[in-house]
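*Asks:* This is protein_24.cif, which holds mmCIF, C-alpha atoms:
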data_query
loop_
_atom_site.label_atom_id
_atom_site.label_comp_id
_atom_site.auth_asym_id
_atom_site.auth_seq_id
_atom_site.Cartn_x
_atom_site.Cartn_y
_atom_site.Cartn_z
CA MET A 151 -13.49 -30.45 5.31
CA ARG A 152 -13.75 -26.67 5.59
CA LEU A 153 -11.91 -24.80 2.84
CA ALA A 154 -11.46 -21.09 2.24
CA SER A 155 -10.50 -19.13 -0.85
CA LEU A 156 -8.74 -15.91 0.11
CA ASP A 157 -8.01 -12.83 -1.93
CA THR A 158 -5.35 -10.14 -1.59
CA CYS A 159 -7.76 -7.55 -0.19
CA PHE A 160 -8.29 -9.76 2.86
CA LEU A 161 -4.71 -11.06 3.20
CA ILE A 162 -2.98 -7.66 3.20
CA ASP A 163 -5.03 -6.70 6.26
CA TRP A 164 -5.22 -10.06 8.06
CA ALA A 165 -1.42 -10.49 7.88
CA LEU A 166 -1.08 -7.44 10.16
CA TYR A 167 -3.26 -8.93 12.90
CA ARG A 168 -1.40 -10.17 15.97
CA ARG A 169 -3.41 -13.43 15.98
CA ARG A 170 -3.26 -13.99 12.23
CA ASN A 171 -2.14 -17.63 12.58
CA TYR A 172 -5.38 -18.56 14.30
CA ILE A 173 -7.05 -18.65 10.90
CA ILE A 174 -5.59 -22.13 10.35
CA LYS A 175 -7.64 -23.35 13.31
CA ILE A 176 -10.94 -22.69 11.54
CA PHE A 177 -10.06 -23.83 8.02
CA ASP A 178 -8.62 -27.18 7.02
CA LYS A 179 -6.99 -25.61 3.97
CA ILE A 180 -6.69 -22.13 2.47
CA LEU A 181 -6.63 -21.80 -1.31
CA ILE A 182 -5.10 -18.92 -3.25
CA SER A 183 -4.44 -18.25 -6.93
CA GLU A 184 -1.09 -17.26 -8.41
CA HIS A 185 -2.55 -13.76 -8.88
CA VAL A 186 -2.54 -13.32 -5.11
CA LEU A 187 1.02 -14.57 -4.80
CA ARG A 188 2.25 -12.27 -7.57
CA GLU A 189 1.01 -9.17 -5.77
CA ILE A 190 2.58 -9.91 -2.43
CA TYR A 191 6.31 -9.48 -2.65
CA SER A 192 7.36 -8.03 0.66
CA GLY A 193 6.58 -7.44 4.29
CA LYS A 194 4.28 -9.13 6.73
CA THR A 195 1.90 -10.44 4.06
CA LEU A 196 4.70 -12.25 2.26
CA ASP A 197 6.01 -13.68 5.55
CA PHE A 198 2.53 -14.89 6.45
CA VAL A 199 1.76 -16.45 3.07
CA THR A 200 5.21 -18.07 2.87
CA GLU A 201 4.77 -19.59 6.30
CA LEU A 202 1.32 -21.00 5.51
CA LEU A 203 2.46 -22.40 2.15
CA SER A 204 5.58 -24.02 3.60
CA LYS A 205 3.58 -25.66 6.43
CA GLY A 206 0.94 -26.97 4.06
CA PHE A 207 -1.93 -24.87 5.44
CA MET A 208 -2.21 -22.95 2.20
CA THR A 209 -2.28 -24.28 -1.36
CA LEU A 210 -1.70 -22.54 -4.67
CA ILE A 211 -4.49 -23.44 -7.09
CA PRO A 212 -3.78 -23.39 -10.83
CA LEU A 213 -6.57 -21.82 -12.86
CA THR A 214 -8.30 -23.85 -15.54
CA SER A 215 -10.84 -23.03 -18.23
CA GLN A 216 -13.56 -23.70 -15.65
CA GLU A 217 -12.42 -20.81 -13.45
CA GLU A 218 -11.90 -18.63 -16.53
CA GLU A 219 -15.50 -19.24 -17.56
CA ILE A 220 -16.82 -18.41 -14.10
CA ALA A 221 -14.68 -15.26 -14.02
CA ARG A 222 -15.97 -14.15 -17.41
CA ARG A 223 -19.56 -14.61 -16.31
CA LEU A 224 -19.12 -12.65 -13.08
CA ILE A 225 -17.23 -9.82 -14.75
CA THR A 226 -19.98 -9.56 -17.36
CA ILE A 227 -22.56 -9.23 -14.61
CA ALA A 228 -20.48 -6.60 -12.79
CA LEU A 229 -19.98 -4.60 -16.00
CA SER A 230 -23.69 -4.59 -16.79
CA ASP A 231 -24.84 -3.47 -13.34
CA PRO A 232 -23.81 0.06 -12.28
CA ARG A 233 -24.47 -0.82 -8.65
CA ILE A 234 -21.55 -3.28 -8.66
CA PRO A 235 -18.04 -1.80 -8.19
CA GLU A 236 -15.32 -2.77 -10.66
CA LEU A 237 -14.45 -6.44 -10.36
CA HIS A 238 -10.79 -7.23 -10.96
CA GLU A 239 -8.77 -10.36 -11.70
CA THR A 240 -7.45 -11.38 -8.32
CA GLU A 241 -10.80 -11.16 -6.60
CA VAL A 242 -12.86 -12.75 -9.36
CA TYR A 243 -10.46 -15.71 -9.50
CA ALA A 244 -10.74 -16.11 -5.71
CA VAL A 245 -14.51 -16.38 -6.19
CA ALA A 246 -14.09 -18.76 -9.14
CA ILE A 247 -11.85 -21.03 -7.05
CA ALA A 248 -14.48 -20.99 -4.30
CA LEU A 249 -17.21 -22.01 -6.74
CA THR A 250 -15.10 -24.80 -8.26
CA TYR A 251 -13.87 -26.26 -4.97
CA ASN A 252 -16.92 -25.40 -2.84
CA THR A 253 -15.12 -23.16 -0.37
CA ILE A 254 -15.98 -20.15 1.76
CA ILE A 255 -14.86 -16.89 0.13
CA VAL A 256 -12.89 -14.66 2.50
CA THR A 257 -12.52 -11.13 1.18
CA GLU A 258 -12.55 -7.44 2.03
CA ASN A 259 -13.36 -6.50 -1.56
CA LYS A 260 -16.38 -4.32 -2.28
CA ALA A 261 -17.16 -5.81 -5.69
CA VAL A 262 -17.33 -9.37 -4.38
CA LEU A 263 -19.50 -8.31 -1.47
CA TRP A 264 -21.86 -6.29 -3.64
CA LEU A 265 -22.12 -9.15 -6.16
CA LYS A 266 -22.97 -11.60 -3.38
CA ILE A 267 -25.72 -9.37 -2.03
CA TYR A 268 -27.28 -8.44 -5.37
CA TYR A 269 -26.70 -11.78 -7.13
CA PRO A 270 -26.76 -14.48 -4.42
CA ASN A 271 -27.60 -17.20 -6.96
CA GLU A 272 -24.36 -16.47 -8.83
CA ILE A 273 -22.31 -16.83 -5.64
CA PRO A 274 -24.00 -19.49 -3.50
CA GLN A 275 -20.84 -19.90 -1.38
CA PRO A 276 -20.71 -18.01 1.93
CA VAL A 277 -18.74 -14.76 1.76
CA TRP A 278 -16.90 -13.81 4.91
CA ARG A 279 -15.12 -10.63 5.89
CA SER A 280 -12.75 -10.17 8.81
CA ILE A 281 -15.68 -9.65 11.24
CA ASP A 282 -16.98 -13.11 10.32
CA VAL A 283 -13.57 -14.73 10.75
CA LEU A 284 -13.23 -13.10 14.19
CA LEU A 285 -16.72 -14.35 15.12
CA GLU A 286 -15.77 -17.87 14.05
CA LEU A 287 -12.62 -17.72 16.20
CA VAL A 288 -14.90 -16.97 19.15
CA LYS A 289 -17.53 -19.61 18.30
CA LYS A 290 -14.92 -22.31 17.81
CA SER A 291 -13.27 -21.26 21.11
CA VAL A 292 -9.96 -20.62 19.35
CA ILE A 293 -9.99 -17.36 21.32
CA LYS A 294 -11.62 -17.87 24.68
CA VAL A 295 -14.24 -15.35 25.70
CA ASN A 296 -16.33 -15.35 28.87
CA ASN A 297 -18.48 -12.35 28.10
CA ILE A 298 -19.31 -9.80 25.44
CA GLU A 299 -16.57 -7.43 26.60
CA ASP A 300 -13.92 -10.10 25.92
CA ALA A 301 -15.34 -10.55 22.42
CA LEU A 302 -15.36 -6.81 21.70
CA LYS A 303 -11.71 -6.62 22.81
CA ILE A 304 -10.89 -9.04 19.99
CA VAL A 305 -12.56 -6.73 17.50
CA GLU A 306 -10.72 -3.77 19.03
CA GLU A 307 -7.34 -5.56 18.76
CA TYR A 308 -7.98 -6.24 15.09
CA SER A 309 -9.03 -2.63 14.49
CA ILE A 310 -5.81 -1.35 16.08
CA ASP A 311 -3.44 -3.80 14.38
CA VAL A 312 -4.93 -3.40 10.91
CA LYS A 313 -6.19 0.18 11.13
CA HIS A 314 -9.70 -0.99 10.33
CA SER A 315 -13.00 0.52 11.43
CA PHE A 316 -15.98 -1.76 11.85
CA SER A 317 -19.42 -0.26 11.24
CA HIS A 318 -22.08 -0.05 13.95
CA ILE A 319 -24.14 -2.49 11.84
CA ASP A 320 -21.40 -5.13 11.95
CA ILE A 321 -20.55 -4.55 15.61
CA ARG A 322 -24.20 -4.90 16.61
CA ARG A 323 -24.62 -8.15 14.68
CA PHE A 324 -21.32 -9.50 15.99
CA GLN A 325 -22.48 -8.74 19.54
CA GLU A 326 -25.84 -10.41 18.98
CA GLU A 327 -24.21 -13.56 17.60
CA VAL A 328 -21.72 -13.71 20.46
CA MET A 329 -24.54 -13.22 23.04
CA LEU A 330 -26.49 -16.05 21.44
CA TRP A 331 -23.43 -18.27 21.45
CA LEU A 332 -22.60 -17.44 25.08
CA THR A 333 -26.18 -18.23 26.08
CA GLN A 334 -25.97 -21.59 24.34
CA GLN A 335 -22.63 -22.34 25.99
CA ASN A 336 -24.03 -21.56 29.44
CA SER A 337 -27.25 -23.56 29.08
CA MET B 223 -26.83 -18.38 13.96
CA ALA B 224 -25.65 -16.20 11.11
CA HIS B 225 -22.47 -14.28 10.36
CA PRO B 226 -22.68 -10.48 10.00
CA THR B 227 -21.91 -10.59 6.26
CA GLU B 228 -24.76 -13.06 5.62
CA LEU B 229 -27.17 -10.58 7.16
CA LEU B 230 -26.19 -7.59 5.00
CA THR B 231 -28.94 -6.16 2.80
CA PRO B 232 -28.80 -3.64 -0.08
CA LYS B 233 -30.06 -1.00 2.38
CA ASP B 234 -27.14 -1.82 4.70
CA LEU B 235 -24.74 -1.33 1.79
CA GLU B 236 -26.08 2.20 1.25
CA ILE B 237 -25.58 2.99 4.91
CA LEU B 238 -22.09 1.45 4.90
CA GLU B 239 -21.09 3.52 1.87
CA GLU B 240 -22.06 6.81 3.53
CA TRP B 241 -20.63 5.84 6.90
CA GLY B 242 -17.36 4.54 5.40
CA ARG B 243 -16.76 7.68 3.34
CA ARG B 244 -17.36 9.90 6.36
CA VAL B 245 -15.04 7.87 8.61
CA ARG B 246 -12.24 7.69 6.03
CA ARG B 247 -12.45 11.45 5.40
CA GLU B 248 -12.47 12.29 9.11
CA LYS B 249 -9.58 10.07 10.11
CA ALA B 250 -7.30 10.75 7.15
CA ASN B 251 -4.10 12.67 7.80
CA TRP B 252 -4.62 15.28 5.06
CA GLU B 253 -1.31 16.99 5.75
CA PHE B 254 0.50 13.75 5.02
CA ILE B 255 -1.69 12.96 1.99
CA ASN B 256 -1.15 16.40 0.47
CA SER B 257 2.61 16.02 0.87
CA LEU B 258 2.68 12.92 -1.34
CA PRO B 259 3.56 12.78 -5.04
CA ASN B 260 0.54 13.31 -7.30
CA ASN B 261 -0.20 9.69 -8.16
CA PHE B 262 -0.11 8.44 -4.56
CA ARG B 263 -2.17 11.39 -3.36
CA LYS B 264 -4.84 10.78 -6.01
CA ALA B 265 -4.93 7.07 -5.23
CA LEU B 266 -5.54 7.75 -1.55
CA GLU B 267 -8.15 10.41 -2.35
CA TYR B 268 -9.89 7.87 -4.59
CA TYR B 269 -9.76 5.31 -1.80
CA ILE B 270 -11.14 7.78 0.72
CA GLU B 271 -14.11 8.52 -1.55
CA THR B 272 -14.88 4.96 -2.63
CA GLY B 273 -13.45 2.57 -0.03
CA ASP B 274 -12.25 0.42 -2.94
CA ILE B 275 -8.54 -0.21 -2.54
CA ARG B 276 -8.40 -2.69 -5.40
CA THR B 277 -9.76 -0.25 -7.98
CA ALA B 278 -7.54 2.51 -6.54
CA SER B 279 -4.47 0.31 -7.03
CA VAL B 280 -5.46 -0.60 -10.61
CA LYS B 281 -6.48 2.94 -11.63
CA PHE B 282 -3.30 4.55 -10.35
CA ASN B 283 -1.02 1.61 -11.10
CA ILE B 284 0.21 1.13 -7.55
CA ASN B 285 0.77 -2.33 -6.08
CA ILE B 286 -2.13 -3.05 -3.72
CA TYR B 287 0.15 -4.14 -0.88
CA LEU B 288 2.12 -0.87 -1.11
CA LEU B 289 -1.07 1.17 -1.36
CA ASN B 290 -2.37 -0.50 1.77
CA GLU B 291 0.87 0.41 3.59
CA LEU B 292 0.38 3.99 2.45
CA ARG B 293 -3.25 3.93 3.58
CA ILE B 294 -2.11 2.99 7.06
CA LYS B 295 0.63 5.67 7.12
CA ALA B 296 -2.03 8.20 6.07
CA GLY B 297 -4.23 7.17 9.00
CA ILE B 298 -7.09 6.05 6.75
CA PRO B 299 -9.02 3.11 8.20
CA SER B 300 -10.14 0.26 5.97
CA THR B 301 -13.91 0.04 6.23
CA ILE B 302 -16.12 -2.56 4.60
#
What would you get if you wrote out this structure as structure tokens?

*Replies:*
Amino acid sequence: MRLASLDTCFLIDWALYRRRNYIIKIFDKILISEHVLREIYSGKTLDFVTELLSKGFMTLIPLTSQEEEIARRLITIALSDPRIPELHETEVYAVAIALTYNTIIVTENKAVLWLKIYYPNEIPQPVWRSIDVLLELVKKSVIKVNNIEDALKIVEEYSIDVKHSFSHIDIRRFQEEVMLWLTQQNS
Amino acid sequence: MAHPTELLTPKDLEILEEWGRRVRREKANWEFINSLPNNFRKALEYYIETGDIRTASVKFNINIYLLNELRIKAGIPSTI
């Protein structure tokens, strides 16, 4: 079973994407905390979350002392390391849920990303951003692509819908992964 | 096969920080930003400099969803 723990930073962007519902094709269940729900009270993000919750694709996870303990530990690390941006409640609980339930963390939050890169042992779960979710949609053939141009159009669509700019580093790696996948598909 | 985020290194983060700041500054609609009330303007300026919408929303006490809507109206791309 493939689970994902999502935070607000990711959801507020992903909800604007024209193919946002495709995310349920790559995860069996999406977990969120009440902190995420509390922040989203209008617009496309609320519509999206409401739809996923009502159809059973998304589940609200109550926080226990286990998640509180994980959150405390991660915040302590972030506070003691000036390289790590400020780590706030909603995001740290998304990570804590991921550690408790062994899920992929899907985020666009700097602090979570920086923590993952500098302290990989503290966050052994994979951390994905939107570029990784888009890549997975290609690799799982949720969005059909025949060549690299098709794949880059997906990235472009997302950029337009969400007003997001992907770095040359991410675009290059995305391209390389898609090329490898296409080669494997054609062999 | 690896996902792009798995491949990020600390050196990449440095590059992403510089690149992100430059892109956000260049694409921002400064006329619109400067027309906003003080708190919203400062929140967007903070976001442009740091790329951290969560901390911007907490520091300036603006709901993150609303701040993201404002980011888009101001032409500032999200970059991470």

*Asks:* Mind pulling up the distance from atom CA of Asp231 of chain A to atom CA of Arg263 of chain B?

*Replies:* 28.9 Å

*Asks:* Find the residues around segment 221-223 of chain A up to 12 Å (all atoms listed in the file counted), leave out those fewer than 4 positions away in its own chain, and share them as number ranges by chain.

*Replies:* A: 213-217, 227-230, 237-250, 262, 265, 269, 272-273

*Asks:* Given the file shown, determine the residues that the PyMOL selection byres ((chain B) within 8 of (chain A)) selects; report them as a PyMOL selection string.

*Replies:* chain B and resi 223-228+230-232+234-235+238+241-242+273-277+285-287+290+294+297-302

*Asks:* If I take atom CA of Lys233 of chain B and atom CA of Asn271 of chain A, how far is one from the other in Å, to one decimal?

*Replies:*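 It comes out at 18.9 Å.
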
*Asks:* Atom CA of Tyr172 of chain A to atom CA of Asn296 of chain A: how many Å, to one decimal?

*Replies:*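 One can read the atom CA of Tyr172 of chain A to atom CA of Asn296 of chain A distance as 18.5 Å.
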
*Asks:* Segment 181-186 of chain A: which residues within 6 Å, counting only C-alpha atoms, same-chain residues fewer than 6 positions away excluded, as a ChimeraX atom specification?

*Replies:* /A:155-156,158,208-211,240

*Asks:* Could you tell me which of B:Glu248, B:Glu253, B:Glu239, B:Glu271 comes closest to Lys295 of chain B if we count only C-alpha atoms?

*Replies:*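 Distance minimum relative to Lys295 of chain B lands on B:Glu253.
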
*Asks:* Between A:Ile255, A:Ile234, A:Leu287, A:Leu153, which is the closest to Ile173 of chain A once you count only C-alpha atoms?

*Replies:* A:Leu287

*Asks:* Reconstruct segment 278-297 of chain A at the level of N, CA, C and O atoms, and format the result as a PDB file, keeping the file's coordinate frame.

*Replies:*
ATOM      1  N   TRP A 278     -17.266 -14.296   3.582  1.00  0.00           N
ATOM      2  CA  TRP A 278     -16.900 -13.810   4.910  1.00  0.00           C
ATOM      3  C   TRP A 278     -15.957 -12.625   4.787  1.00  0.00           C
ATOM      4  O   TRP A 278     -15.106 -12.577   3.882  1.00  0.00           O
ATOM      5  N   ARG A 279     -16.113 -11.694   5.730  1.00  0.00           N
ATOM      6  CA  ARG A 279     -15.120 -10.630   5.890  1.00  0.00           C
ATOM      7  C   ARG A 279     -14.397 -10.882   7.217  1.00  0.00           C
ATOM      8  O   ARG A 279     -14.700 -11.865   7.916  1.00  0.00           O
ATOM      9  N   SER A 280     -13.524  -9.952   7.590  1.00  0.00           N
ATOM     10  CA  SER A 280     -12.750 -10.170   8.810  1.00  0.00           C
ATOM     11  C   SER A 280     -13.665 -10.304  10.035  1.00  0.00           C
ATOM     12  O   SER A 280     -13.390 -11.101  10.933  1.00  0.00           O
ATOM     13  N   ILE A 281     -14.774  -9.577  10.080  1.00  0.00           N
ATOM     14  CA  ILE A 281     -15.680  -9.650  11.240  1.00  0.00           C
ATOM     15  C   ILE A 281     -16.239 -11.063  11.397  1.00  0.00           C
ATOM     16  O   ILE A 281     -16.432 -11.553  12.521  1.00  0.00           O
ATOM     17  N   ASP A 282     -16.456 -11.742  10.273  1.00  0.00           N
ATOM     18  CA  ASP A 282     -16.980 -13.110  10.320  1.00  0.00           C
ATOM     19  C   ASP A 282     -15.902 -14.089  10.779  1.00  0.00           C
ATOM     20  O   ASP A 282     -16.196 -15.056  11.499  1.00  0.00           O
ATOM     21  N   VAL A 283     -14.680 -13.859  10.331  1.00  0.00           N
ATOM     22  CA  VAL A 283     -13.570 -14.730  10.750  1.00  0.00           C
ATOM     23  C   VAL A 283     -13.352 -14.572  12.265  1.00  0.00           C
ATOM     24  O   VAL A 283     -13.182 -15.562  12.990  1.00  0.00           O
ATOM     25  N   LEU A 284     -13.398 -13.342  12.749  1.00  0.00           N
ATOM     26  CA  LEU A 284     -13.230 -13.100  14.190  1.00  0.00           C
ATOM     27  C   LEU A 284     -14.355 -13.777  14.984  1.00  0.00           C
ATOM     28  O   LEU A 284     -14.115 -14.386  16.029  1.00  0.00           O
ATOM     29  N   LEU A 285     -15.583 -13.689  14.449  1.00  0.00           N
ATOM     30  CA  LEU A 285     -16.720 -14.350  15.120  1.00  0.00           C
ATOM     31  C   LEU A 285     -16.505 -15.857  15.180  1.00  0.00           C
ATOM     32  O   LEU A 285     -16.751 -16.497  16.193  1.00  0.00           O
ATOM     33  N   GLU A 286     -16.001 -16.415  14.096  1.00  0.00           N
ATOM     34  CA  GLU A 286     -15.770 -17.870  14.050  1.00  0.00           C
ATOM     35  C   GLU A 286     -14.685 -18.276  15.050  1.00  0.00           C
ATOM     36  O   GLU A 286     -14.774 -19.348  15.658  1.00  0.00           O
ATOM     37  N   LEU A 287     -13.676 -17.440  15.211  1.00  0.00           N
ATOM     38  CA  LEU A 287     -12.620 -17.720  16.200  1.00  0.00           C
ATOM     39  C   LEU A 287     -13.207 -17.776  17.606  1.00  0.00           C
ATOM     40  O   LEU A 287     -12.758 -18.558  18.445  1.00  0.00           O
ATOM     41  N   VAL A 288     -14.220 -16.956  17.850  1.00  0.00           N
ATOM     42  CA  VAL A 288     -14.900 -16.970  19.150  1.00  0.00           C
ATOM     43  C   VAL A 288     -15.758 -18.245  19.271  1.00  0.00           C
ATOM     44  O   VAL A 288     -15.661 -18.988  20.249  1.00  0.00           O
ATOM     45  N   LYS A 289     -16.582 -18.488  18.239  1.00  0.00           N
ATOM     46  CA  LYS A 289     -17.530 -19.610  18.300  1.00  0.00           C
ATOM     47  C   LYS A 289     -16.839 -20.966  18.356  1.00  0.00           C
ATOM     48  O   LYS A 289     -17.360 -21.913  18.919  1.00  0.00           O
ATOM     49  N   LYS A 290     -15.667 -21.057  17.778  1.00  0.00           N
ATOM     50  CA  LYS A 290     -14.920 -22.310  17.810  1.00  0.00           C
ATOM     51  C   LYS A 290     -13.984 -22.356  19.019  1.00  0.00           C
ATOM     52  O   LYS A 290     -13.155 -23.266  19.136  1.00  0.00           O
ATOM     53  N   SER A 291     -14.096 -21.353  19.890  1.00  0.00           N
ATOM     54  CA  SER A 291     -13.270 -21.260  21.110  1.00  0.00           C
ATOM     55  C   SER A 291     -11.772 -21.256  20.828  1.00  0.00           C
ATOM     56  O   SER A 291     -10.973 -21.674  21.664  1.00  0.00           O
ATOM     57  N   VAL A 292     -11.391 -20.794  19.658  1.00  0.00           N
ATOM     58  CA  VAL A 292      -9.960 -20.620  19.350  1.00  0.00           C
ATOM     59  C   VAL A 292      -9.437 -19.470  20.230  1.00  0.00           C
ATOM     60  O   VAL A 292      -8.327 -19.526  20.758  1.00  0.00           O
ATOM     61  N   ILE A 293     -10.262 -18.433  20.353  1.00  0.00           N
ATOM     62  CA  ILE A 293      -9.990 -17.360  21.320  1.00  0.00           C
ATOM     63  C   ILE A 293     -11.083 -17.472  22.375  1.00  0.00           C
ATOM     64  O   ILE A 293     -12.266 -17.434  22.061  1.00  0.00           O
ATOM     65  N   LYS A 294     -10.655 -17.654  23.602  1.00  0.00           N
ATOM     66  CA  LYS A 294     -11.620 -17.870  24.680  1.00  0.00           C
ATOM     67  C   LYS A 294     -12.242 -16.548  25.124  1.00  0.00           C
ATOM     68  O   LYS A 294     -11.512 -15.588  25.384  1.00  0.00           O
ATOM     69  N   VAL A 295     -13.570 -16.530  25.170  1.00  0.00           N
ATOM     70  CA  VAL A 295     -14.240 -15.350  25.700  1.00  0.00           C
ATOM     71  C   VAL A 295     -15.262 -15.789  26.748  1.00  0.00           C
ATOM     72  O   VAL A 295     -15.917 -16.822  26.578  1.00  0.00           O
ATOM     73  N   ASN A 296     -15.367 -15.017  27.817  1.00  0.00           N
ATOM     74  CA  ASN A 296     -16.330 -15.350  28.870  1.00  0.00           C
ATOM     75  C   ASN A 296     -17.541 -14.438  28.840  1.00  0.00           C
ATOM     76  O   ASN A 296     -18.556 -14.724  29.472  1.00  0.00           O
ATOM     77  N   ASN A 297     -17.384 -13.323  28.145  1.00  0.00           N
ATOM     78  CA  ASN A 297     -18.480 -12.350  28.100  1.00  0.00           C
ATOM     79  C   ASN A 297     -18.317 -11.486  26.854  1.00  0.00           C
ATOM     80  O   ASN A 297     -17.326 -11.626  26.111  1.00  0.00           O
TER      81      ASN A 297
END
